[in-house]
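A.B. asks: So here's run_14.cif (mmCIF, C-alpha atoms and all ligand atoms).
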```cif
data_query
loop_
_atom_site.group_PDB
_atom_site.id
_atom_site.type_symbol
_atom_site.label_atom_id
_atom_site.label_comp_id
_atom_site.auth_asym_id
_atom_site.auth_seq_id
_atom_site.Cartn_x
_atom_site.Cartn_y
_atom_site.Cartn_z
ATOM 1 C CA MET A 510 -12.495 -15.948 -26.056
ATOM 2 C CA ALA A 511 -9.012 -17.216 -25.722
ATOM 3 C CA ARG A 512 -6.996 -17.911 -28.752
ATOM 4 C CA ARG A 513 -5.086 -21.047 -28.697
ATOM 5 C CA PHE A 514 -2.090 -21.696 -30.714
ATOM 6 C CA TYR A 515 -0.881 -25.114 -31.236
ATOM 7 C CA PHE A 516 2.662 -25.645 -31.973
ATOM 8 C CA GLU A 517 3.707 -28.971 -33.185
ATOM 9 C CA PRO A 518 7.397 -29.484 -32.825
ATOM 10 C CA PRO A 519 9.070 -30.928 -35.860
ATOM 11 C CA ARG A 520 9.566 -34.573 -35.385
ATOM 12 C CA ARG A 521 13.067 -35.554 -35.991
ATOM 13 C CA ARG A 522 13.828 -39.149 -35.847
ATOM 14 C CA LEU A 523 17.288 -39.584 -34.599
ATOM 15 C CA LYS A 524 18.944 -42.203 -36.611
ATOM 16 C CA SER A 525 20.658 -44.600 -34.370
ATOM 17 C CA THR A 526 23.974 -44.393 -36.029
ATOM 18 C CA LEU A 527 25.706 -45.280 -32.843
ATOM 19 C CA VAL A 528 26.001 -49.002 -32.674
ATOM 20 C CA ASN A 529 26.416 -50.346 -29.224
ATOM 21 C CA MET A 530 29.170 -52.844 -29.658
ATOM 22 C CA LYS A 531 30.064 -55.095 -26.797
ATOM 23 C CA SER A 532 33.016 -57.305 -26.231
ATOM 24 C CA LEU A 533 32.501 -60.938 -25.442
ATOM 25 C CA LEU A 534 34.229 -61.586 -22.171
ATOM 26 C CA VAL A 535 34.628 -64.963 -20.536
ATOM 27 C CA ARG A 536 35.714 -65.600 -17.007
ATOM 28 C CA CYS A 537 38.799 -67.725 -16.708
ATOM 29 C CA PRO A 538 38.017 -70.758 -14.535
ATOM 30 C CA ALA A 539 41.568 -70.873 -13.220
ATOM 31 C CA THR A 540 42.103 -67.257 -12.253
ATOM 32 C CA SER A 541 38.515 -65.969 -12.165
ATOM 33 C CA LYS A 542 39.597 -63.060 -14.303
ATOM 34 C CA LEU A 543 37.655 -61.789 -17.253
ATOM 35 C CA THR A 544 39.258 -62.501 -20.565
ATOM 36 C CA ASP A 545 38.441 -60.870 -23.842
ATOM 37 C CA THR A 546 37.636 -63.464 -26.457
ATOM 38 C CA GLY A 547 38.491 -60.935 -29.136
ATOM 39 C CA GLN A 548 34.973 -61.009 -30.468
ATOM 40 C CA THR A 549 32.413 -58.277 -30.417
ATOM 41 C CA ILE A 550 28.710 -58.136 -31.046
ATOM 42 C CA GLU A 551 26.079 -55.475 -31.270
ATOM 43 C CA GLU A 552 24.323 -55.492 -27.948
ATOM 44 C CA LYS A 553 20.799 -55.676 -29.323
ATOM 45 C CA LEU A 554 21.689 -58.731 -31.357
ATOM 46 C CA TRP A 555 23.073 -60.652 -28.446
ATOM 47 C CA SER A 556 19.855 -62.035 -26.995
ATOM 48 C CA ALA A 557 18.931 -63.611 -30.302
ATOM 49 C CA ALA A 558 22.433 -64.564 -31.301
ATOM 50 C CA LYS A 559 23.298 -68.184 -31.698
ATOM 51 C CA VAL A 560 26.726 -68.865 -30.407
ATOM 52 C CA LYS A 561 28.454 -72.151 -30.807
ATOM 53 C CA ALA A 562 30.827 -73.464 -28.225
ATOM 54 C CA GLN A 563 34.226 -72.015 -28.922
ATOM 55 C CA LYS A 564 37.723 -72.145 -27.628
ATOM 56 C CA PHE A 565 40.272 -69.494 -26.947
ATOM 57 C CA THR A 566 43.706 -69.304 -25.490
ATOM 58 C CA CYS A 567 43.473 -67.618 -22.138
ATOM 59 C CA ALA A 568 45.661 -64.588 -21.595
ATOM 60 C CA HIS A 569 45.697 -65.150 -17.841
ATOM 61 C CA CYS A 570 46.631 -68.785 -17.416
ATOM 62 C CA GLY A 571 47.765 -69.661 -20.925
ATOM 63 C CA LYS A 572 45.429 -72.602 -21.207
ATOM 64 C CA VAL A 573 42.750 -73.154 -23.776
ATOM 65 C CA HIS A 574 39.254 -72.692 -22.458
ATOM 66 C CA SER A 575 36.059 -73.606 -24.180
ATOM 67 C CA TRP A 576 33.052 -71.414 -23.699
ATOM 68 C CA THR A 577 29.448 -71.212 -24.711
ATOM 69 C CA LYS A 578 26.990 -68.387 -24.833
ATOM 70 C CA ALA A 579 26.044 -68.956 -21.211
ATOM 71 C CA ASP A 580 29.595 -68.181 -20.134
ATOM 72 C CA VAL A 581 29.788 -64.870 -21.890
ATOM 73 C CA ILE A 582 29.675 -61.554 -20.129
ATOM 74 C CA LEU A 583 29.115 -58.592 -22.375
ATOM 75 C CA GLY A 584 31.570 -55.854 -21.618
ATOM 76 C CA ARG A 585 32.822 -52.629 -23.006
ATOM 77 C CA PRO A 586 35.283 -52.953 -25.837
ATOM 78 C CA LEU A 587 38.762 -52.573 -24.479
HETATM 79 ZN ZN ZN B 1 42.409 -69.116 -18.059
#
```
Give the structure from this file in C-alpha cells form.
Ligand SMILES: [Zn+2]
C.D. replies:
Amino acid sequence: MARRFYFEPPRRRLKSTLVNMKSLLVRCPATSKLTDTGQTIEEKLWSAAKVKAQKFTCAHCGKVHSWTKADVILGRPL
C-alpha cells in the first residue's frame, strides 16, 4: 500500500505594491506626435475613470489643444 504525502505549499498572497501608473498621452492634431499631458493614472482605474474635457499647451506645435478621454493613449511615464 502506497503512502501518499500531501504537501500543501504555503499560500503567500503577493501584495500588489507595484502600482501600474500610466501617463496620459494625447496625439497632437497638427504634428501627429504624442504629447504628455502631464497627468498620470493607475492603469486599472482608467476604464472606470471619468475624465472631463481638458486643455493643454502642446509641446510640439505650441498651440492649446483640448482633449477628452477618447483622445487619450495610455503610455509609460516618461
Ligand atoms: Zn500640437
A.B. asks: Set the cut-off to 9 Å, count only C-alpha atoms and all ligand atoms, and list whatever residues fall near ligand ZN 1 (chain B) as a ChimeraX atom specification.
C.D. replies: /A:536-544,566-574
A.B. asks: Could you check how far CA of Ser556 in chain A sits from CA of Leu527 in chain A, in Å to one decimal?
C.D. replies: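 These two atoms are separated by 18.7 Å.
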A.B. asks: Go through A:Lys531, A:Arg512, A:Lys553, A:Lys561 and flag the residue nearest Asp580 in chain A, using all atoms listed in the file for the distances.
C.D. replies: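 Answer, going by the shortest atom-to-atom distance: A:Lys561.
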A.B. asks: How big is the axis-aligned box around all listed atoms of range 552-563 of chain A once 4 Å goes on each side, and where's its centre, in Å to one decimal, as JSON?
C.D. replies:
```
{"center_x": 26.6, "center_y": -64.5, "center_z": -29.3, "size_x": 23.3, "size_y": 26.0, "size_z": 12.7}
```
A.B. asks: Using only C-alpha atoms, find all polymer residues with an atom at most 10 Å away from the point (29.1, -65.9, -21.4); report them as a list in words.
C.D. replies: Leu533, Leu534, Val535, Arg536, Val560, Trp576, Thr577, Lys578, Ala579, Asp580, Val581, Ile582 and Leu583 of chain A
A.B. asks: Enter the distance from CA of Lys564 in chain A to CA of Arg585 in chain A, in Å, rounded to one decimal.
C.D. replies: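 Interatomic distance, CA of Lys564 in chain A to CA of Arg585 in chain A: 20.6 Å.
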A.B. asks: How many Å separate CA of Leu554 in chain A from CA of Ser575 in chain A?
C.D. replies: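 Computing it gives 21.9 Å between the two atoms.
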